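Q: Sharing input_18.txt below, compact mmCIF, C-alpha atoms:
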```txt
# COMPACT_ATOMS: atom_id res chain seq x y z
CA MET A 189 -4.66 2.83 -42.26
CA ARG A 190 -5.48 1.12 -38.97
CA VAL A 191 -7.95 2.76 -36.57
CA VAL A 192 -8.98 1.53 -33.12
CA ILE A 193 -12.33 2.76 -31.82
CA ALA A 194 -12.65 2.45 -28.05
CA SER A 195 -15.60 4.45 -26.77
CA ASP A 196 -17.88 4.43 -23.75
CA SER A 197 -21.64 4.42 -24.15
CA PHE A 198 -23.61 7.63 -24.55
CA LYS A 199 -25.96 7.32 -21.58
CA GLU A 200 -29.69 7.36 -22.41
CA SER A 201 -28.81 7.25 -26.09
CA LEU A 202 -26.46 4.53 -27.44
CA SER A 203 -24.60 1.56 -26.03
CA ALA A 204 -20.81 1.49 -26.28
CA GLN A 205 -21.08 -1.03 -29.12
CA ALA A 206 -23.51 1.20 -31.02
CA VAL A 207 -21.28 4.25 -30.51
CA CYS A 208 -18.25 2.37 -31.85
CA GLU A 209 -20.22 1.15 -34.87
CA ALA A 210 -21.44 4.66 -35.71
CA ILE A 211 -17.92 6.07 -35.50
CA ALA A 212 -16.63 3.20 -37.63
CA SER A 213 -19.20 4.06 -40.29
CA GLY A 214 -17.87 7.61 -40.43
CA VAL A 215 -14.27 6.42 -40.62
CA ARG A 216 -15.03 4.10 -43.57
CA GLU A 217 -16.91 6.85 -45.36
CA VAL A 218 -13.59 8.68 -45.74
CA VAL A 219 -11.17 5.73 -45.75
CA PRO A 220 -13.11 2.78 -47.22
CA ASP A 221 -10.21 0.37 -46.92
CA ALA A 222 -9.33 1.28 -43.33
CA GLU A 223 -8.69 -1.59 -40.93
CA VAL A 224 -11.06 -0.73 -38.11
CA THR A 225 -10.98 -2.45 -34.70
CA LEU A 226 -14.00 -1.94 -32.45
CA CYS A 227 -13.43 -2.12 -28.70
CA PRO A 228 -16.50 -1.01 -26.70
CA MET A 229 -15.42 0.34 -23.32
CA ALA A 230 -16.81 1.13 -19.87
CA ASP A 231 -15.41 2.36 -16.56
CA GLY A 232 -16.92 -0.27 -14.28
CA GLY A 233 -20.30 1.41 -13.89
CA GLU A 234 -23.53 0.93 -15.81
CA GLY A 235 -22.98 -0.82 -19.13
CA THR A 236 -19.75 -2.54 -18.12
CA VAL A 237 -21.03 -6.08 -18.64
CA GLU A 238 -22.47 -5.30 -22.06
CA ALA A 239 -19.27 -3.54 -23.15
CA LEU A 240 -17.01 -6.36 -21.96
CA VAL A 241 -19.14 -9.01 -23.64
CA ALA A 242 -19.27 -7.06 -26.91
CA ALA A 243 -15.54 -6.28 -26.92
CA THR A 244 -14.52 -9.90 -26.33
CA GLY A 245 -17.17 -11.74 -28.35
CA GLY A 246 -18.69 -13.21 -25.20
CA ARG A 247 -22.31 -13.92 -24.37
CA MET A 248 -24.98 -12.42 -22.19
CA LEU A 249 -26.73 -14.66 -19.67
CA SER A 250 -29.50 -14.23 -17.13
CA THR A 251 -30.26 -15.80 -13.77
CA GLU A 252 -33.25 -15.60 -11.45
CA VAL A 253 -32.14 -14.14 -8.12
CA LEU A 254 -33.60 -12.36 -5.11
CA GLY A 255 -33.83 -8.61 -5.60
CA PRO A 256 -33.00 -5.99 -2.97
CA LEU A 257 -36.29 -6.57 -1.13
CA GLY A 258 -36.11 -10.36 -1.39
CA GLU A 259 -38.50 -10.68 -4.32
CA PRO A 260 -37.53 -12.83 -7.36
CA ILE A 261 -36.13 -10.95 -10.35
CA VAL A 262 -34.16 -11.91 -13.46
CA ALA A 263 -30.69 -10.37 -13.54
CA ALA A 264 -28.41 -10.19 -16.59
CA TRP A 265 -24.67 -10.87 -16.46
CA GLY A 266 -22.07 -12.08 -18.93
CA MET A 267 -19.24 -14.46 -19.76
CA LEU A 268 -16.41 -12.89 -21.72
CA GLY A 269 -15.06 -14.51 -24.85
CA GLY A 270 -11.68 -16.20 -24.89
CA THR A 271 -9.66 -17.76 -22.11
CA PRO A 272 -9.41 -17.91 -19.16
CA PRO A 273 -13.16 -17.99 -18.44
CA ILE A 274 -14.05 -14.59 -17.02
CA ALA A 275 -17.50 -13.57 -15.77
CA ALA A 276 -18.73 -9.98 -15.63
CA ILE A 277 -21.36 -8.92 -13.12
CA GLU A 278 -22.96 -5.60 -12.23
CA MET A 279 -24.34 -5.68 -8.70
CA ALA A 280 -26.96 -3.15 -9.79
CA ALA A 281 -28.57 -5.85 -11.94
CA ALA A 282 -29.45 -7.80 -8.80
CA SER A 283 -29.29 -5.28 -5.96
CA GLY A 284 -29.59 -1.89 -7.65
CA LEU A 285 -31.55 1.17 -6.58
CA PRO A 286 -33.68 1.41 -9.76
CA ILE A 287 -35.15 -2.01 -8.96
CA VAL A 288 -36.78 -0.64 -5.81
CA PRO A 289 -39.83 1.65 -6.20
CA ARG A 290 -39.27 5.04 -4.60
CA SER A 291 -42.03 4.44 -2.10
CA ARG A 292 -40.27 1.29 -0.82
CA ARG A 293 -36.67 2.47 -0.64
CA ASN A 294 -35.28 1.71 2.79
CA PRO A 295 -31.65 0.57 3.25
CA LEU A 296 -32.56 -0.99 6.60
CA LEU A 297 -34.45 -3.62 4.60
CA THR A 298 -32.49 -4.16 1.37
CA THR A 299 -29.97 -6.93 0.76
CA THR A 300 -27.15 -7.89 -1.61
CA TYR A 301 -28.13 -11.56 -1.49
CA GLY A 302 -28.96 -11.56 -5.22
CA THR A 303 -25.49 -10.30 -6.07
CA GLY A 304 -24.05 -13.30 -4.27
CA GLN A 305 -26.36 -15.54 -6.27
CA LEU A 306 -24.87 -14.10 -9.47
CA VAL A 307 -21.40 -14.92 -8.15
CA SER A 308 -22.58 -18.50 -7.61
CA ALA A 309 -24.02 -18.60 -11.12
CA ALA A 310 -20.68 -17.47 -12.54
CA LEU A 311 -18.92 -20.23 -10.64
CA ASP A 312 -21.44 -22.73 -12.02
CA TYR A 313 -20.38 -21.64 -15.52
CA GLY A 314 -16.76 -22.37 -14.69
CA ALA A 315 -15.49 -18.82 -14.22
CA ASP A 316 -12.06 -18.62 -12.63
CA GLN A 317 -12.12 -14.83 -12.72
CA ILE A 318 -15.01 -12.52 -11.88
CA ILE A 319 -15.21 -8.81 -12.65
CA LEU A 320 -17.79 -7.22 -10.38
CA GLY A 321 -19.01 -3.64 -10.82
CA ILE A 322 -20.55 -2.28 -7.63
CA GLY A 323 -22.12 1.05 -8.51
CA GLY A 324 -25.77 1.99 -8.08
CA SER A 325 -26.72 -0.09 -5.06
CA ALA A 326 -29.96 0.02 -3.09
CA THR A 327 -28.25 -1.57 -0.11
CA ASN A 328 -26.32 -0.88 3.08
CA ASP A 329 -25.71 -4.41 4.36
CA GLY A 330 -21.91 -4.44 4.25
CA GLY A 331 -22.01 -7.27 1.73
CA THR A 332 -23.43 -9.72 4.28
CA GLY A 333 -26.32 -10.75 2.05
CA CYS A 334 -23.91 -11.46 -0.80
CA ALA A 335 -21.71 -13.47 1.54
CA GLN A 336 -24.63 -15.59 2.72
CA ALA A 337 -25.41 -16.57 -0.87
CA VAL A 338 -21.93 -18.08 -1.23
CA GLY A 339 -21.96 -19.95 2.06
CA VAL A 340 -20.93 -17.58 4.87
CA ARG A 341 -23.01 -18.00 8.03
CA PHE A 342 -23.86 -15.16 10.40
CA LEU A 343 -24.82 -16.05 13.95
CA ASP A 344 -26.55 -14.01 16.64
CA ALA A 345 -25.34 -13.58 20.20
CA LYS A 346 -26.88 -16.94 21.16
CA GLY A 347 -25.18 -18.80 18.32
CA GLN A 348 -28.32 -19.10 16.20
CA GLU A 349 -27.93 -18.59 12.47
CA LEU A 350 -29.48 -15.38 11.19
CA PRO A 351 -31.91 -15.74 8.26
CA SER A 352 -30.83 -15.42 4.63
CA GLY A 353 -31.03 -12.02 3.03
CA LEU A 354 -29.34 -9.99 5.75
CA SER A 355 -30.04 -6.27 5.42
CA GLY A 356 -28.62 -3.08 6.88
CA GLY A 357 -31.03 -3.15 9.78
CA MET A 358 -29.85 -6.62 10.85
CA LEU A 359 -26.12 -5.93 11.14
CA GLU A 360 -26.48 -5.01 14.80
CA ARG A 361 -27.64 -8.57 15.51
CA ILE A 362 -24.49 -10.27 14.24
CA GLY A 363 -22.62 -11.98 17.06
CA ALA A 364 -20.22 -14.13 15.05
CA ILE A 365 -19.19 -15.00 11.50
CA ASP A 366 -18.59 -18.57 10.31
CA ALA A 367 -16.89 -18.75 6.91
CA SER A 368 -16.14 -22.48 7.08
CA SER A 369 -18.86 -23.27 4.53
CA LEU A 370 -17.78 -20.64 1.98
CA ASP A 371 -18.09 -22.01 -1.56
CA SER A 372 -14.78 -23.81 -2.06
CA ARG A 373 -14.69 -22.81 -5.73
CA LEU A 374 -13.92 -19.24 -4.69
CA ALA A 375 -10.46 -20.36 -3.56
CA GLY A 376 -9.53 -20.78 -7.21
CA CYS A 377 -11.39 -17.72 -8.49
CA GLN A 378 -9.94 -14.23 -8.65
CA VAL A 379 -12.54 -11.57 -7.89
CA GLN A 380 -11.79 -8.05 -9.12
CA VAL A 381 -14.11 -5.29 -7.96
CA ALA A 382 -14.56 -2.17 -10.07
CA CYS A 383 -14.59 0.50 -7.38
CA ASP A 384 -14.01 4.17 -8.15
CA VAL A 385 -14.68 5.73 -4.74
CA ASP A 386 -12.37 5.87 -1.74
CA ASN A 387 -14.91 6.13 1.06
CA PRO A 388 -14.18 4.11 4.22
CA LEU A 389 -16.79 1.74 5.63
CA CYS A 390 -18.18 3.97 8.37
CA GLY A 391 -17.87 7.41 9.91
CA PRO A 392 -18.56 10.85 8.38
CA ARG A 393 -17.37 9.71 4.91
CA GLY A 394 -18.68 6.18 5.25
CA ALA A 395 -21.31 4.25 3.33
CA ALA A 396 -24.24 5.23 5.52
CA ALA A 397 -23.43 8.92 5.98
CA VAL A 398 -22.64 9.66 2.33
CA TYR A 399 -24.80 7.31 0.30
CA SER A 400 -27.73 5.92 2.30
CA PRO A 401 -29.85 9.12 2.21
CA GLN A 402 -30.24 8.74 -1.56
CA LYS A 403 -31.42 5.17 -0.90
CA GLY A 404 -34.22 6.34 1.39
CA ALA A 405 -32.52 6.67 4.76
CA THR A 406 -33.66 9.28 7.28
CA PRO A 407 -31.11 10.88 9.64
CA GLU A 408 -32.11 8.37 12.32
CA MET A 409 -31.62 5.49 9.87
CA VAL A 410 -28.20 6.83 8.89
CA GLU A 411 -27.07 6.71 12.50
CA ARG A 412 -28.33 3.15 12.94
CA LEU A 413 -26.83 1.96 9.67
CA ASP A 414 -23.45 3.49 10.45
CA ALA A 415 -23.43 1.83 13.88
CA GLY A 416 -24.31 -1.48 12.23
CA LEU A 417 -21.41 -1.21 9.77
CA ALA A 418 -19.01 -0.30 12.58
CA HIS A 419 -20.19 -3.34 14.52
CA LEU A 420 -19.76 -5.53 11.43
CA ALA A 421 -16.19 -4.25 11.00
CA ASP A 422 -15.41 -5.23 14.59
CA VAL A 423 -16.78 -8.76 14.13
CA ILE A 424 -14.92 -9.19 10.82
CA ALA A 425 -11.65 -8.13 12.46
CA ARG A 426 -12.18 -10.53 15.37
CA ASP A 427 -13.45 -13.58 13.46
CA LEU A 428 -11.78 -13.23 10.05
CA GLY A 429 -8.66 -11.27 10.93
CA ARG A 430 -9.32 -8.56 8.33
CA ASP A 431 -9.38 -4.84 9.08
CA VAL A 432 -11.76 -3.28 6.56
CA ARG A 433 -13.06 -0.32 8.57
CA ASP A 434 -10.76 2.30 7.03
CA LEU A 435 -9.98 0.56 3.74
CA ALA A 436 -10.29 2.94 0.79
CA GLY A 437 -13.38 1.90 -1.16
CA ALA A 438 -14.82 -0.18 1.68
CA GLY A 439 -17.86 2.09 1.82
CA ALA A 440 -18.77 1.58 -1.85
CA ALA A 441 -22.22 0.13 -2.54
CA GLY A 442 -23.37 0.28 1.06
CA GLY A 443 -20.28 -1.45 2.35
CA LEU A 444 -20.26 -4.17 -0.30
CA GLY A 445 -16.68 -3.15 -1.06
CA ALA A 446 -15.67 -4.11 2.48
CA GLY A 447 -17.69 -7.31 2.38
CA LEU A 448 -16.17 -8.52 -0.89
CA VAL A 449 -12.66 -8.00 0.49
CA ALA A 450 -13.48 -9.63 3.82
CA PHE A 451 -15.53 -12.59 2.61
CA LEU A 452 -14.36 -13.24 -0.99
CA ASP A 453 -10.76 -12.01 -0.72
CA ALA A 454 -11.52 -9.62 -3.56
CA ALA A 455 -9.32 -6.82 -4.88
CA LEU A 456 -10.74 -3.30 -5.21
CA ARG A 457 -9.45 -1.57 -8.35
CA PRO A 458 -10.38 1.38 -10.59
CA GLY A 459 -12.96 0.13 -13.06
CA ILE A 460 -11.27 1.53 -16.16
CA GLU A 461 -8.06 -0.38 -15.30
CA ILE A 462 -9.97 -3.65 -15.00
CA VAL A 463 -11.82 -3.13 -18.28
CA THR A 464 -8.70 -2.03 -20.16
CA GLU A 465 -6.93 -5.22 -19.12
CA ALA A 466 -9.93 -7.49 -19.71
CA VAL A 467 -10.43 -6.40 -23.31
CA GLY A 468 -6.69 -6.35 -24.08
CA LEU A 469 -6.80 -2.73 -25.17
CA PRO A 470 -3.02 -2.09 -25.21
CA GLU A 471 -2.48 -5.10 -27.49
CA ARG A 472 -5.25 -3.98 -29.82
CA MET A 473 -3.62 -0.57 -30.14
CA LYS A 474 -0.22 -1.84 -31.23
CA GLY A 475 0.57 -0.65 -34.74
CA ALA A 476 -2.53 1.57 -34.98
CA ASP A 477 -2.40 4.91 -36.75
CA LEU A 478 -5.21 6.47 -34.73
CA VAL A 479 -7.39 5.75 -31.70
CA ILE A 480 -10.83 7.31 -31.39
CA THR A 481 -12.52 7.32 -28.00
CA GLY A 482 -15.52 9.08 -26.55
CA GLU A 483 -18.21 9.38 -23.89
CA GLY A 484 -21.48 11.19 -23.44
CA ARG A 485 -19.97 14.28 -21.82
CA LEU A 486 -16.35 15.37 -21.71
CA ASP A 487 -15.55 17.56 -18.70
CA ALA A 488 -13.27 17.75 -15.67
CA GLN A 489 -14.55 14.42 -14.34
CA SER A 490 -13.38 12.66 -17.50
CA MET A 491 -9.84 12.71 -16.12
CA MET A 492 -10.94 11.03 -12.87
CA GLY A 493 -11.03 7.40 -13.93
CA LYS A 494 -13.41 7.64 -16.87
CA VAL A 495 -13.04 5.93 -20.24
CA VAL A 496 -11.43 8.83 -22.09
CA GLN A 497 -8.65 9.00 -19.52
CA GLY A 498 -8.09 5.24 -19.54
CA VAL A 499 -7.99 5.01 -23.32
CA GLY A 500 -5.82 8.12 -23.54
CA LYS A 501 -3.24 6.66 -21.14
CA ALA A 502 -3.15 3.35 -23.01
CA ALA A 503 -2.73 5.10 -26.35
CA LEU A 504 0.00 7.40 -25.01
CA ALA A 505 1.93 4.37 -23.78
CA GLN A 506 1.73 2.90 -27.31
CA GLY A 507 2.69 6.19 -28.96
CA VAL A 508 -0.61 6.32 -30.88
CA PRO A 509 -2.54 9.61 -31.28
CA VAL A 510 -6.00 9.62 -29.76
CA ILE A 511 -9.01 11.82 -30.49
CA ALA A 512 -12.25 11.99 -28.50
CA ILE A 513 -15.71 12.37 -30.00
CA CYS A 514 -18.28 13.20 -27.33
CA GLY A 515 -21.89 14.12 -26.94
CA SER A 516 -21.19 17.42 -25.22
CA ILE A 517 -18.24 19.41 -23.88
CA GLY A 518 -18.26 20.79 -20.34
CA PRO A 519 -16.02 22.83 -18.02
CA GLY A 520 -12.60 21.28 -17.52
CA ALA A 521 -12.60 19.35 -20.79
CA GLU A 522 -9.35 21.05 -21.75
CA LYS A 523 -7.57 18.96 -19.08
CA SER A 524 -8.00 15.98 -21.38
CA LEU A 525 -5.56 17.53 -23.85
CA GLU A 526 -2.78 16.18 -21.64
CA LEU A 527 -3.63 12.83 -23.27
CA LEU A 528 -5.66 13.70 -26.38
CA ARG A 529 -4.68 15.34 -29.66
CA ALA A 530 -8.13 16.91 -29.88
CA TYR A 531 -11.77 16.50 -28.86
CA PHE A 532 -15.03 17.22 -30.68
CA SER A 533 -18.70 17.40 -29.83
CA ILE A 534 -21.22 15.74 -32.14
CA VAL A 535 -23.64 18.66 -31.61
CA ASP A 536 -22.87 20.95 -34.51
CA LYS A 537 -25.68 23.45 -33.98
CA PRO A 538 -28.20 24.46 -31.31
CA MET A 539 -30.70 21.66 -30.74
CA PRO A 540 -32.87 20.29 -27.93
CA LEU A 541 -31.30 17.61 -25.76
CA GLU A 542 -33.95 15.13 -26.89
CA GLN A 543 -32.92 15.61 -30.51
CA ALA A 544 -29.22 15.20 -29.70
CA LEU A 545 -29.98 11.95 -27.90
CA SER A 546 -32.21 10.55 -30.64
CA ASP A 547 -29.91 11.61 -33.49
CA ALA A 548 -26.66 10.54 -31.80
CA GLY A 549 -25.94 7.83 -34.37
CA PRO A 550 -26.02 10.02 -37.49
CA LEU A 551 -24.25 12.84 -35.62
CA LEU A 552 -21.46 10.47 -34.59
CA ARG A 553 -21.01 9.26 -38.17
CA GLU A 554 -20.83 12.79 -39.52
CA THR A 555 -18.39 13.96 -36.86
CA ALA A 556 -16.17 10.90 -37.29
CA ALA A 557 -16.08 11.47 -41.05
CA ASN A 558 -15.04 15.09 -40.56
CA VAL A 559 -12.36 14.06 -38.07
CA MET A 560 -10.98 11.54 -40.53
CA ARG A 561 -10.86 14.07 -43.35
CA VAL A 562 -8.70 16.36 -41.22
CA PHE A 563 -6.57 13.49 -39.95
CA VAL A 564 -5.92 12.13 -43.44
CA GLU A 565 -4.94 15.56 -44.76
CA SER A 566 -2.62 16.20 -41.83
CA ALA A 567 -1.01 12.78 -42.30
CA ARG A 568 -0.28 13.68 -45.93
CA GLY A 569 1.65 16.67 -44.63
```
Show me the file's structure as C-alpha cells.
A:
Amino acid sequence: MRVVIASDSFKESLSAQAVCEAIASGVREVVPDAEVTLCPMADGGEGTVEALVAATGGRMLSTEVLGPLGEPIVAAWGMLGGTPPIAAIEMAAASGLPIVPRSRRNPLLTTTYGTGQLVSAALDYGADQIILGIGGSATNDGGTGCAQAVGVRFLDAKGQELPSGLSGGMLERIGAIDASSLDSRLAGCQVQVACDVDNPLCGPRGAAAVYSPQKGATPEMVERLDAGLAHLADVIARDLGRDVRDLAGAGAAGGLGAGLVAFLDAALRPGIEIVTEAVGLPERMKGADLVITGEGRLDAQSMMGKVVQGVGKAALAQGVPVIAICGSIGPGAEKSLELLRAYFSIVDKPMPLEQALSDAGPLLRETAANVMRVFVESARG
C-alpha cells in the first residue's frame, strides 16, 4: 500500500514535518510495510520556508539584514533541494510585525529593506527562482525599501537620492524612480509571490485602510499612508509604465505586493498553488492508494486557499482518495467533503487547549492508526 502524507503545520504545536512524521507513525502501526511518502505543506504563510525545505530535502540558511526599524537582525530563509535552484523567503522573517515591540509599532517608520536583502542573498546563492511569502508584515512602504536593497533608486523633487530604508512616511517625498541600477541578476530570476488577498494598493480596501491599524497606525496615520501609496502608484505608472494601483493583491504586506510586481516583475499567485508545484505534489501522488492531509483547524476558511483544499484538488485530479486529520473541526468544515472522503479531529475527548497542543504528536499517531484500520477494512470490501 502506498500512502502520501501532505499536511500543513499545527500552529503553536507542531511543524508540518513533525505532523507528517506523527501521521506516518500511525500508518505504519497498522500497515508496517506501507510505502509512505512525506510531503510537508504550507499555504504561503508562516512555515512555508520550513515546509518547502523539508519536502524537497533542501537546506535552511540565515543572513544578517536590517529589520523593520533598521536594526540588524538575523533572518532565516531556505534553498530547496533539486534543480533548478529555488530560494524560499518569508518577508516576515526580515520585515515582520512580531519583530517590532508593541510599543514601537509605527508603519510610518518601518521598512521592507531587509526583505530585499534576502532577495540579494538568494541571488548570491545562485537562485534562478524565488518563492516569496508576504504575510505578516510590519510595513506600509509599498515595497520601496525592498526595491532599494536590490538597486532601485528613489529621488526627491530636487533629484536627490532618498536614504536607504524607505518607510511608509517617506513615500510622499518620492519625486522620481530610477531602476537603471536594478540588480541585473533579477532579469534571469523568476519571482513568485505567495499572495492570498485581493486588496488593491490604496483606497477603502487598500493596504493602509485595512491593515495598517493592526501595525500601529492611528486614523491620521492611515490617511497619510494611503496618500503616500497613491502617490507612489502615480510615480510608478509615470516612470516605470506599470499600473499597480488597482491590481488584485497589490495591497498585501503594506503594498509590498505592488512593489514586487513593479520593481521585480514578480507574479502574484495563491500560495498553495506555488507550494504544490514547488514540491511536485501531483507527481508524488501518482499511483498512491491514499492521501492524508491536515491542518490545525478545519473550517469554512479551509476551502479558501488553505492546504487541505490544495491537497484535495491535487488528489482529486489524480483519482486518489484523500482524508484530513486536523486539530479541531469548526463551522463550515463539511464544505471540504467536496474534495475529501472524510475528516477527523485528533481530540477524542474533552481536554484543555494546552493539553491538545502539547499532546498533538501522540494524538495524531492514534488518529492516523484508527483511520488506517478503517481504510484497510473498507479496501478489503
Q: In terms of the shortest atom-to-atom distance over all atoms listed in the file, which of A:Gln497, A:Ser308, A:Ser203, A:Gln336 is closest to A:Arg373?
A: A:Ser308
Q: Choose the residue, out of A:Ala441, A:Ala364, A:Met491, A:Leu359, that has the smallest atom-to-atom separation from A:Gly394; count all atoms listed in the file.
A: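 Once distances to A:Gly394 are computed over all atoms listed in the file, the minimum belongs to A:Ala441.
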Q: From the list A:Gly445, A:Gly333, A:Gly515, A:Pro538, which residue is nearest A:Thr555 when using all atoms listed in the file?
A: A:Gly515
Q: What is the distance between atom CA of A:Leu545 and atom CA of A:Pro286, in Å to one decimal?
A: 21.3 Å
Q: Can you pull out the residues contacting stretch 380-388 of chain A? Cut-off 7 Å, using only C-alpha atoms, and skip same-chain residues under 3 positions away; I want them as an mmCIF file with C-alpha atoms, in the coordinates of the input.
A:
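Resulting contents of around_38.cif:
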```cif
data_model
loop_
_atom_site.group_PDB
_atom_site.id
_atom_site.type_symbol
_atom_site.label_atom_id
_atom_site.label_comp_id
_atom_site.auth_asym_id
_atom_site.auth_seq_id
_atom_site.Cartn_x
_atom_site.Cartn_y
_atom_site.Cartn_z
ATOM 1 C CA GLY A 232 -16.920 -0.270 -14.280
ATOM 2 C CA ILE A 318 -15.010 -12.520 -11.880
ATOM 3 C CA ILE A 319 -15.210 -8.810 -12.650
ATOM 4 C CA LEU A 320 -17.790 -7.220 -10.380
ATOM 5 C CA GLY A 321 -19.010 -3.640 -10.820
ATOM 6 C CA ILE A 322 -20.550 -2.280 -7.630
ATOM 7 C CA ARG A 393 -17.370 9.710 4.910
ATOM 8 C CA GLY A 394 -18.680 6.180 5.250
ATOM 9 C CA ARG A 433 -13.060 -0.320 8.570
ATOM 10 C CA ASP A 434 -10.760 2.300 7.030
ATOM 11 C CA LEU A 435 -9.980 0.560 3.740
ATOM 12 C CA ALA A 436 -10.290 2.940 0.790
ATOM 13 C CA GLY A 437 -13.380 1.900 -1.160
ATOM 14 C CA ALA A 438 -14.820 -0.180 1.680
ATOM 15 C CA GLY A 439 -17.860 2.090 1.820
ATOM 16 C CA ALA A 440 -18.770 1.580 -1.850
ATOM 17 C CA ALA A 454 -11.520 -9.620 -3.560
ATOM 18 C CA ALA A 455 -9.320 -6.820 -4.880
ATOM 19 C CA LEU A 456 -10.740 -3.300 -5.210
ATOM 20 C CA ARG A 457 -9.450 -1.570 -8.350
ATOM 21 C CA PRO A 458 -10.380 1.380 -10.590
ATOM 22 C CA GLY A 459 -12.960 0.130 -13.060
ATOM 23 C CA ILE A 462 -9.970 -3.650 -15.000
#
```
Q: Just how far from atom CA of A:Gly416 is atom CA of A:Val398, in Å to one decimal?
A: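 A separation of 15.0 Å between them.
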Q: In the coordinates of the file, take the point (-6.5, -7.9, -18.7) and a cut-off of 12 Å; then, counting all atoms listed in the file, name each qualifying protein, DNA or RNA residue as a PDB file with C-alpha atoms, in the coordinates of the input.
A:
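File part-v2.pdb, as written:
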```
ATOM      1  CA  LEU A 240     -17.010  -6.360 -21.960  1.00  0.00           C
ATOM      2  CA  THR A 244     -14.520  -9.900 -26.330  1.00  0.00           C
ATOM      3  CA  LEU A 268     -16.410 -12.890 -21.720  1.00  0.00           C
ATOM      4  CA  GLY A 270     -11.680 -16.200 -24.890  1.00  0.00           C
ATOM      5  CA  THR A 271      -9.660 -17.760 -22.110  1.00  0.00           C
ATOM      6  CA  PRO A 272      -9.410 -17.910 -19.160  1.00  0.00           C
ATOM      7  CA  ILE A 274     -14.050 -14.590 -17.020  1.00  0.00           C
ATOM      8  CA  GLN A 317     -12.120 -14.830 -12.720  1.00  0.00           C
ATOM      9  CA  ILE A 318     -15.010 -12.520 -11.880  1.00  0.00           C
ATOM     10  CA  ILE A 319     -15.210  -8.810 -12.650  1.00  0.00           C
ATOM     11  CA  GLN A 380     -11.790  -8.050  -9.120  1.00  0.00           C
ATOM     12  CA  GLY A 459     -12.960   0.130 -13.060  1.00  0.00           C
ATOM     13  CA  ILE A 460     -11.270   1.530 -16.160  1.00  0.00           C
ATOM     14  CA  GLU A 461      -8.060  -0.380 -15.300  1.00  0.00           C
ATOM     15  CA  ILE A 462      -9.970  -3.650 -15.000  1.00  0.00           C
ATOM     16  CA  VAL A 463     -11.820  -3.130 -18.280  1.00  0.00           C
ATOM     17  CA  THR A 464      -8.700  -2.030 -20.160  1.00  0.00           C
ATOM     18  CA  GLU A 465      -6.930  -5.220 -19.120  1.00  0.00           C
ATOM     19  CA  ALA A 466      -9.930  -7.490 -19.710  1.00  0.00           C
ATOM     20  CA  VAL A 467     -10.430  -6.400 -23.310  1.00  0.00           C
ATOM     21  CA  GLY A 468      -6.690  -6.350 -24.080  1.00  0.00           C
ATOM     22  CA  LEU A 469      -6.800  -2.730 -25.170  1.00  0.00           C
ATOM     23  CA  PRO A 470      -3.020  -2.090 -25.210  1.00  0.00           C
ATOM     24  CA  GLU A 471      -2.480  -5.100 -27.490  1.00  0.00           C
ATOM     25  CA  ARG A 472      -5.250  -3.980 -29.820  1.00  0.00           C
TER      26      ARG A 472
END
```
Q: What's the 9 Å shell around A:Ile534, counting all atoms listed in the file, without same-chain residues fewer than 6 positions away, as a list in words?
A: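 That gives Ile513, Cys514, Gly515, Ser516, Ala544, Ala548, Leu551, Leu552, Arg553, Glu554, Thr555 and Ala556 of chain A.
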Q: Take atom CA of A:Thr406 and atom CA of A:Ser325 and report the distance between them in Å, one decimal.
A: 17.0 Å
Q: With distances taken over all atoms listed in the file, which of A:Cys227, A:Ala367, A:Val219, A:Ala476 is nearest to A:Asp196?
A: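 Among the listed residues, the smallest separation from A:Asp196 belongs to A:Cys227.
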Q: Hey, which of A:Val207, A:Gly339, A:Arg190, A:Phe198 ends up closest to A:Pro220? Count only C-alpha atoms.
A: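 Distance minimum relative to A:Pro220 lands on A:Arg190.
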Q: Nearest to A:Asp536: which of A:Ala242, A:Glu217, A:Ile517, A:Glu522 is it, counting only C-alpha atoms?
A: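 Between A:Ala242, A:Glu217, A:Ile517, A:Glu522, the residue approaching A:Asp536 most closely is A:Ile517.
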Q: Residues near A:Thr225, anyone? I mean within 9 Å using all atoms listed in the file, not counting same-chain ones fewer than 2 positions away, as a count of residues only.
A: 10
Q: Using all atoms listed in the file, which residues sit within 12 Å of A:Cys334 once same-chain residues fewer than 2 positions away are excluded, as a ChimeraX atom specification?
A: /A:253-256,279,282-283,298-308,322,327-332,336-342,352-355,370,441-452
Q: Please list as an mmCIF file with C-alpha atoms, in the frame of the given file every residue within 9 Å of A:Arg361, counting only C-alpha atoms and excluding residues in the same chain fewer than 4 positions away.
A:
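Okay, this is what ended up in around00.cif:
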```
data_model
loop_
_atom_site.group_PDB
_atom_site.id
_atom_site.type_symbol
_atom_site.label_atom_id
_atom_site.label_comp_id
_atom_site.auth_asym_id
_atom_site.auth_seq_id
_atom_site.Cartn_x
_atom_site.Cartn_y
_atom_site.Cartn_z
ATOM 1 C CA LEU A 343 -24.820 -16.050 13.950
ATOM 2 C CA ASP A 344 -26.550 -14.010 16.640
ATOM 3 C CA ALA A 345 -25.340 -13.580 20.200
ATOM 4 C CA LEU A 350 -29.480 -15.380 11.190
ATOM 5 C CA GLY A 357 -31.030 -3.150 9.780
ATOM 6 C CA GLY A 416 -24.310 -1.480 12.230
#
```
